[in-house]
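Asker: A single structure is presented below for examination.
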Amino acid sequence: MFTKKRLISLILSIVLILGIISVPAIADEEIVHLTILGTTDVHGNIYNWSYEDGLEVDGLGLAKVYSVVKAVRTENPNTILIDNGDTIQGTILTDDLYNTELVDEPHPVIDAMNFMGYDSMTLGNHEFNFGTDLIEKIAKEAQFPILSANTYYKEDGSNFVEPYTVKEVAGIKVGIIGLTTPNIPRWDGPKVTHLDFEPMYVACQKYIKELKEKENVDIIIATAHAGVEGEYDQGGGDSARKVIETNPEIVAFLVGHDHASVAETIGNAVVGGARDTGAQVVRFDLYLKNNGGKWEVVDKTVQLIDVTEYEASDELKEYTKAYHERTLEFLEEVIGQASEDFHPAPEVKGIAEGLIRDTAVMDLINNVQLKNTGADISAAALFTPTSNIKKGDISYSDIFNIYKYPNTLVAVEITGQELKNYMEWSASYYNTYKPGDVTIGFNPNIRPYNYDMFQGVEYKIDISKPAGERIVDLTFKGKPVEDDDTFTLAINNYRHSVLKSLGIIKNDPYYNSDPVSLRSLIAAHIKEQGTIVPEVDNNWEIIGADLNHPLRDYIVQQINEGNIMLPASEDGRSINIKAMNVYELIEEGVIPEEVLREYGIKDSSDEAEEPKEIVYIVKPGDVLWRIAEKFGTTWQKLAEYNKLKNPHLIFPNQKILIPAQ
């Protein structure tokens, strides 16, 4: 008996098949229809299953993708299936078992891709997390070519893997070029010292020429593990757009890395990119006509297929069942106990407490780093803002929850000036406070995983000041940190590479836990302790933000009830990108007039009542000018109205009358 979802899958398959007749060009018998399906940033997900939560998930995994692939292949046998990297990393199955402990066994993701009939895979940046030996291993196991045209051995300039592949479909020779973001040395520098990464557009020009002159291909498609726009290279060496602009021969281009949905035309190419974990499949349709022995693309389209409307493939799940069950067995082991939750519930829904104050989960990570390196100072980030170790049994999935990536631990010697520069770089995560803000907003251009919190020093972050000037009262063992002081710093290998590439620190590590991951070190610490207790030393705090407007409680309540939404970036990866500001919300009409009247902020225009003054109760730390600022007046007016003899001396619980406006 069909489930509802199986019925939907069948209907969608029929629609896909019938959809063929809606394209006028296909009526021409000389037209050949090619379909290219692309996946990107699958991040080790085979089953539609969350190992961290122990739950089936509707929108991820190659098992879902395979159902899409089978439906499209039924519609159009002339289908090519390609992958765009960040494929073998990202789950407990991959990172903590088959990329490390069970590395001598067949790789489950590659095995699944062989079963699915992939035609190529391009290397992503996370393929390099575990060293190039693992890449060489999966290249041998794969029954399809592993590609990266812009990656070379330094020693002799030869290709690290294949630069391209040629696939003949329906008599048409299709050249497929693979490109990898050249920023790998920023993130995995020590693991790729023997490799060079060329700007993508340069390598593409070279191999397009070879594909045309040596391979005699009819059309060229490209797959780049990079976003449409670049990240670091001002010259566009890490930008797919630059590749397209300089290589008009490309007719279809699969992008990734950004985990963003893309379906558009840029220049001569249709460009597609999908969300991560296998949530979407990119579909390109090319219609070609042979004119005098030369194939020409007469029409081309790109669309995104959401896998949630498809049942997971029982075939693929059965084929990879042993890998899945091995992972579940690994996760069942209890490695310790937590006496209480390590991350407090948020006061404001959508703003994780761990991003605005010190928490036990952050101190746990930093203390493990200090313990294993003996360093003076440690810094780490919450890769997932809501990361928590909950009260009760602790399993390996809990470790994965608080430390998502397979980073190793390094220690490096730094100066006081380098420490300050690093801390200022991190503190730019916060938006600058404005009068009327009742929440703290985050910089939309910085992901949460790039905001580090520090242990071993005490400091304050003054968000009333511009980025670069925020770290105040910085001390180490009670003494102010001087520029020429020297310290040892514990961080992960990824952060070290980024900081060094930015010129913030200069030294190479004197300690590296490689190949032991930070996750393994955290797990070992918990096993050793048996029961861990949340400990928070509150060595840092945010200052310079007076959030105590009379309307704050109302606004927070509205946020928590879902009536006011915290803004996020368009791709959803940057959260809470703007503080909630009373004055802006009033101007936008978000706060009802009756609420404003209730709080004495706005008078009723249709009632004969006299305007009412507001009674404000002074709180510890209040000063008159800040109180005045809250209510849109001046301290001089408040001093005169309240007949204050000394306006610079007010006391907690003192009543300050705010004149009606």
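Residue numbering restarts at 1 in every chain; chains get A, B, ... in the order shown in the structure tokens, and ligands count up from 1 in that same order.
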So that each row is one residue of segment 447-565 of chain A with an atom at most 9 Å from segment 629-653 of chain A, can you give its shortest atom pair and the distance in Å to one decimal, using only C-alpha atoms, rows by chain and rising number, as a Markdown table?
Answerer:
```
| residue | atom | partner | partner_atom | distance |
| --- | --- | --- | --- | --- |
| A:Asn548 | CA | A:Lys630 | CA | 8.8 |
| A:His549 | CA | A:Lys630 | CA | 6.4 |
| A:Pro550 | CA | A:Lys630 | CA | 8.6 |
```
Asker: Using only C-alpha atoms, please write the residues we just selected to a file, as a tab-separated table (two decimals), in the first residue's frame.
Answerer:
```
chain	number	residue	atom	x	y	z
A	548	ASN	CA	16.88	48.18	29.56
A	549	HIS	CA	14.26	50.22	27.74
A	550	PRO	CA	10.78	50.06	29.36
```
Asker: I'd like the neighbourhood of Thr384 of chain A as a list in words, where a residue qualifies if any of its atoms comes within 9 Å (using only C-alpha atoms), though same-chain residues fewer than 2 positions away should be ignored.
Answerer: Ala381, Leu382, Thr386, Ser387, Asn401, Ile402, Tyr403, Lys404, Pro448 and Tyr449 of chain A
Asker: For a quick check of understanding, using only C-alpha atoms, which of A:Val481, A:Ile617, A:Ala380, A:Ala568 has the smallest distance to Asn493 of chain A?
Answerer: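 So, comparing all the options, the nearest one is A:Ala380.
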Asker: Compile the contact shell of Asp376 of chain A as an MDAnalysis selection string: residues with an atom at most 8 Å away, counting only C-alpha atoms, same-chain residues fewer than 6 positions apart removed.
Answerer: chainID A and resid 370 456 487:490
Asker: Let me make sure I understand: among A:Gly117, A:Gly178, A:Gly61, A:Gly292, which one has the smallest atom-to-atom distance to Gln143 of chain A if we use only C-alpha atoms?
Answerer: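 Closest to Gln143 of chain A, using only C-alpha atoms: A:Gly117.
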Asker: Name the residues in contact with Thr486 of chain A at a cut-off of 9 Å, using only C-alpha atoms, excluding same-chain residues fewer than 4 positions from it; report them as a compact mmCIF listing (two decimals) with C-alpha atoms, in the first residue's frame.
Answerer:
```txt
# COMPACT_ATOMS: atom_id res chain seq x y z
CA GLU A 413 53.47 31.24 20.60
CA ILE A 414 52.04 34.74 20.20
CA THR A 415 52.71 38.27 21.42
CA GLY A 416 50.36 40.46 23.41
CA GLN A 417 49.80 42.58 20.32
CA GLU A 482 51.16 44.49 27.13
```
Asker: Within 8 Å of segment 277-287 of chain A, counting only C-alpha atoms, which residues qualify if same-chain residues fewer than 2 places away don't, as a PyMOL selection string?
Answerer: chain A and resi 25-26+31-45+59-62+64-65+68+252+254+270+272-275+289+297-308
Asker: Give me, as CSV, the closest atom pair and its distance (Å, one decimal) for every residue of segment 107-191 of chain A within a cut-off of 12 Å of segment 507-513 of chain A, counting only C-alpha atoms, rows sorted by chain and rising number.
Answerer:
```
residue,atom,partner,partner_atom,distance
A:Gly189,CA,A:Asp508,CA,10.5
A:Pro190,CA,A:Asp508,CA,9.5
A:Lys191,CA,A:Asn512,CA,11.8
```
Asker: Please extract the residues of segment 261-417 of chain A with a backbone DSSP assignment of strand (DSSP E) and present them as number ranges by chain.
Answerer: A: 262-266, 269-273, 280-291, 294-306, 334-338, 377-381, 392-395, 408-415
Asker: Selected residues, C-alpha atoms, written as an mmCIF file, in the first residue's frame, please.
Answerer:
```
data_model
loop_
_atom_site.group_PDB
_atom_site.id
_atom_site.type_symbol
_atom_site.label_atom_id
_atom_site.label_comp_id
_atom_site.auth_asym_id
_atom_site.auth_seq_id
_atom_site.Cartn_x
_atom_site.Cartn_y
_atom_site.Cartn_z
ATOM 1 C CA VAL A 262 21.265 28.935 -6.987
ATOM 2 C CA ALA A 263 19.383 28.642 -10.271
ATOM 3 C CA GLU A 264 20.203 31.401 -12.741
ATOM 4 C CA THR A 265 21.886 32.264 -16.010
ATOM 5 C CA ILE A 266 25.247 34.028 -15.926
ATOM 6 C CA ALA A 269 26.016 29.377 -18.721
ATOM 7 C CA VAL A 270 23.091 28.106 -16.714
ATOM 8 C CA VAL A 271 24.327 27.999 -13.125
ATOM 9 C CA GLY A 272 22.988 25.843 -10.301
ATOM 10 C CA GLY A 273 23.887 25.290 -6.663
ATOM 11 C CA GLN A 280 18.403 19.566 -3.080
ATOM 12 C CA VAL A 281 19.514 18.214 -6.436
ATOM 13 C CA VAL A 282 20.476 20.583 -9.246
ATOM 14 C CA ARG A 283 19.001 19.679 -12.623
ATOM 15 C CA PHE A 284 20.343 21.035 -15.914
ATOM 16 C CA ASP A 285 18.519 20.280 -19.174
ATOM 17 C CA LEU A 286 20.388 20.880 -22.422
ATOM 18 C CA TYR A 287 18.778 20.605 -25.870
ATOM 19 C CA LEU A 288 21.223 20.135 -28.738
ATOM 20 C CA LYS A 289 20.928 20.075 -32.495
ATOM 21 C CA ASN A 290 23.500 18.798 -34.958
ATOM 22 C CA ASN A 291 24.217 21.468 -37.557
ATOM 23 C CA LYS A 294 28.624 20.270 -35.057
ATOM 24 C CA TRP A 295 26.418 20.048 -31.995
ATOM 25 C CA GLU A 296 24.883 23.317 -30.874
ATOM 26 C CA VAL A 297 22.955 24.022 -27.683
ATOM 27 C CA VAL A 298 19.610 25.466 -28.787
ATOM 28 C CA ASP A 299 18.060 25.673 -25.330
ATOM 29 C CA LYS A 300 19.141 25.132 -21.733
ATOM 30 C CA THR A 301 17.475 25.347 -18.333
ATOM 31 C CA VAL A 302 18.367 24.873 -14.665
ATOM 32 C CA GLN A 303 16.105 24.027 -11.750
ATOM 33 C CA LEU A 304 16.346 22.741 -8.185
ATOM 34 C CA ILE A 305 14.651 19.557 -7.012
ATOM 35 C CA ASP A 306 13.742 19.366 -3.326
ATOM 36 C CA VAL A 334 27.787 5.948 27.088
ATOM 37 C CA ILE A 335 31.070 7.762 27.728
ATOM 38 C CA GLY A 336 30.037 9.801 30.773
ATOM 39 C CA GLN A 337 27.387 11.746 32.626
ATOM 40 C CA ALA A 338 26.432 15.420 32.792
ATOM 41 C CA ILE A 377 45.306 30.969 26.701
ATOM 42 C CA SER A 378 42.716 29.084 24.661
ATOM 43 C CA ALA A 379 40.187 30.230 22.071
ATOM 44 C CA ALA A 380 37.312 28.353 20.457
ATOM 45 C CA ALA A 381 33.942 28.883 18.803
ATOM 46 C CA GLY A 392 22.152 12.728 31.789
ATOM 47 C CA ASP A 393 24.060 10.182 29.708
ATOM 48 C CA ILE A 394 26.698 11.518 27.325
ATOM 49 C CA SER A 395 27.351 9.659 24.086
ATOM 50 C CA THR A 408 42.964 19.002 15.358
ATOM 51 C CA LEU A 409 44.385 20.991 18.266
ATOM 52 C CA VAL A 410 47.471 23.174 17.863
ATOM 53 C CA ALA A 411 49.424 25.482 20.152
ATOM 54 C CA VAL A 412 51.418 28.492 19.000
ATOM 55 C CA GLU A 413 53.473 31.237 20.602
ATOM 56 C CA ILE A 414 52.045 34.738 20.198
ATOM 57 C CA THR A 415 52.708 38.271 21.418
#
```
Asker: At a cut-off of 8 Å, can you tabulate as a tab-separated table every residue of segment 362-433 of chain A near segment 515-528 of chain A together with its closest atom pair and the distance in Å to one decimal, using only C-alpha atoms and ordering rows by chain then number?
Answerer:
```
residue	atom	partner	partner_atom	distance
A:Ile365	CA	A:Ile522	CA	7.1
A:Val368	CA	A:Ile522	CA	6.3
A:Asn372	CA	A:Leu521	CA	7.9
A:Tyr396	CA	A:Ala523	CA	7.1
A:Ile399	CA	A:Arg519	CA	6.4
A:Phe400	CA	A:Arg519	CA	7.0
A:Tyr403	CA	A:Arg519	CA	6.3
A:Pro406	CA	A:Ser517	CA	5.8
A:Asn407	CA	A:Ser517	CA	5.6
A:Thr408	CA	A:Ser517	CA	4.5
A:Leu409	CA	A:Leu518	CA	5.8
```
Asker: Can you list, as a PyMOL selection string, every residue of segment 586-656 of chain A that DSSP puts in alpha helix (DSSP H)?
Answerer: chain A and resi 586-587+593-598+624-630+635-641
Asker: Please produce a file of those selected residues containing N, CA, C and O atoms, as a tab-separated table (two decimals), in the first residue's frame.
Answerer:
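Generated file (part_10.tsv):
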```
chain	number	residue	atom	x	y	z
A	586	ILE	N	8.92	51.23	16.54
A	586	ILE	CA	7.81	52.18	16.64
A	586	ILE	C	7.58	52.84	15.29
A	586	ILE	O	6.44	52.94	14.81
A	587	GLU	N	8.67	53.26	14.65
A	587	GLU	CA	8.55	53.92	13.35
A	587	GLU	C	7.96	52.99	12.30
A	587	GLU	O	7.20	53.42	11.42
A	593	GLU	N	-0.37	50.99	18.97
A	593	GLU	CA	-0.50	52.26	19.68
A	593	GLU	C	-1.00	52.07	21.10
A	593	GLU	O	-0.60	52.81	22.01
A	594	GLU	N	-1.86	51.07	21.32
A	594	GLU	CA	-2.35	50.88	22.68
A	594	GLU	C	-1.23	50.46	23.63
A	594	GLU	O	-1.25	50.78	24.82
A	595	VAL	N	-0.23	49.73	23.08
A	595	VAL	CA	0.92	49.36	23.90
A	595	VAL	C	1.76	50.59	24.22
A	595	VAL	O	2.22	50.79	25.35
A	596	LEU	N	1.93	51.44	23.23
A	596	LEU	CA	2.69	52.67	23.44
A	596	LEU	C	2.01	53.54	24.49
A	596	LEU	O	2.67	54.14	25.34
A	597	ARG	N	0.67	53.62	24.42
A	597	ARG	CA	-0.06	54.43	25.40
A	597	ARG	C	0.05	53.81	26.79
A	597	ARG	O	0.18	54.51	27.79
A	598	GLU	N	-0.01	52.45	26.84
A	598	GLU	CA	0.09	51.77	28.13
A	598	GLU	C	1.40	52.09	28.83
A	598	GLU	O	1.45	52.23	30.06
A	624	LEU	N	22.06	59.86	34.33
A	624	LEU	CA	20.93	60.65	33.87
A	624	LEU	C	20.89	60.80	32.36
A	624	LEU	O	19.81	60.76	31.74
A	625	TRP	N	22.05	60.95	31.71
A	625	TRP	CA	22.03	61.15	30.26
A	625	TRP	C	21.53	59.91	29.52
A	625	TRP	O	20.87	60.02	28.49
A	626	ARG	N	21.81	58.70	30.09
A	626	ARG	CA	21.31	57.49	29.44
A	626	ARG	C	19.81	57.35	29.62
A	626	ARG	O	19.10	56.90	28.72
A	627	ILE	N	19.32	57.72	30.80
A	627	ILE	CA	17.87	57.68	31.02
A	627	ILE	C	17.19	58.64	30.05
A	627	ILE	O	16.18	58.31	29.42
A	628	ALA	N	17.76	59.83	29.91
A	628	ALA	CA	17.20	60.82	28.99
A	628	ALA	C	17.18	60.29	27.56
A	628	ALA	O	16.21	60.46	26.82
A	629	GLU	N	18.26	59.64	27.17
A	629	GLU	CA	18.38	59.11	25.81
A	629	GLU	C	17.30	58.09	25.51
A	629	GLU	O	16.75	58.02	24.41
A	630	LYS	N	16.96	57.28	26.54
A	630	LYS	CA	15.93	56.27	26.36
A	630	LYS	C	14.59	56.89	25.99
A	630	LYS	O	13.80	56.30	25.23
A	635	TRP	N	19.40	65.28	29.42
A	635	TRP	CA	19.57	65.22	30.87
A	635	TRP	C	19.29	66.56	31.52
A	635	TRP	O	18.82	66.65	32.65
A	636	GLN	N	19.55	67.67	30.76
A	636	GLN	CA	19.29	68.99	31.31
A	636	GLN	C	17.79	69.17	31.59
A	636	GLN	O	17.40	69.70	32.63
A	637	LYS	N	16.95	68.71	30.65
A	637	LYS	CA	15.50	68.83	30.84
A	637	LYS	C	15.03	67.98	32.01
A	637	LYS	O	14.17	68.41	32.79
A	638	LEU	N	15.60	66.77	32.14
A	638	LEU	CA	15.21	65.92	33.26
A	638	LEU	C	15.64	66.53	34.59
A	638	LEU	O	14.91	66.47	35.58
A	639	ALA	N	16.84	67.09	34.62
A	639	ALA	CA	17.32	67.72	35.85
A	639	ALA	C	16.43	68.88	36.27
A	639	ALA	O	16.06	69.03	37.44
A	640	GLU	N	16.05	69.69	35.28
A	640	GLU	CA	15.19	70.84	35.58
A	640	GLU	C	13.80	70.36	36.01
A	640	GLU	O	13.24	70.87	36.99
A	641	TYR	N	13.23	69.38	35.29
A	641	TYR	CA	11.88	68.91	35.58
A	641	TYR	C	11.79	68.28	36.97
A	641	TYR	O	10.79	68.40	37.67
```
Asker: Can you work out the spacing between atom CA of Ile440 of chain A and atom CA of Glu535 of chain A in Å, to one decimal?
Answerer: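 About the pair atom CA of Ile440 of chain A and atom CA of Glu535 of chain A: they are 24.4 Å apart.
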Asker: Quick check, in Å to one decimal: how far apart do atom CA of Tyr310 of chain A and atom CA of Gly85 of chain A lie?
Answerer: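 Going from atom CA of Tyr310 of chain A over to atom CA of Gly85 of chain A covers 22.9 Å.
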Asker: With distances taken over only C-alpha atoms, which residue among A:Asn576, A:Ser239, A:Gln89, A:Asn538 lies nearest Asn431 of chain A?
Answerer: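 Of A:Asn576, A:Ser239, A:Gln89, A:Asn538, the one nearest Asn431 of chain A is A:Asn576, counting only C-alpha atoms.
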Asker: Skipping near chain neighbours, those fewer than 4 positions away, what residues fall within 6 Å of segment 212-224 of chain A using only C-alpha atoms, listed as JSON, numbers by chain?
Answerer: {"A": [173, 174, 175, 176, 177, 178, 179, 180, 250, 251, 252, 253, 254, 255]}
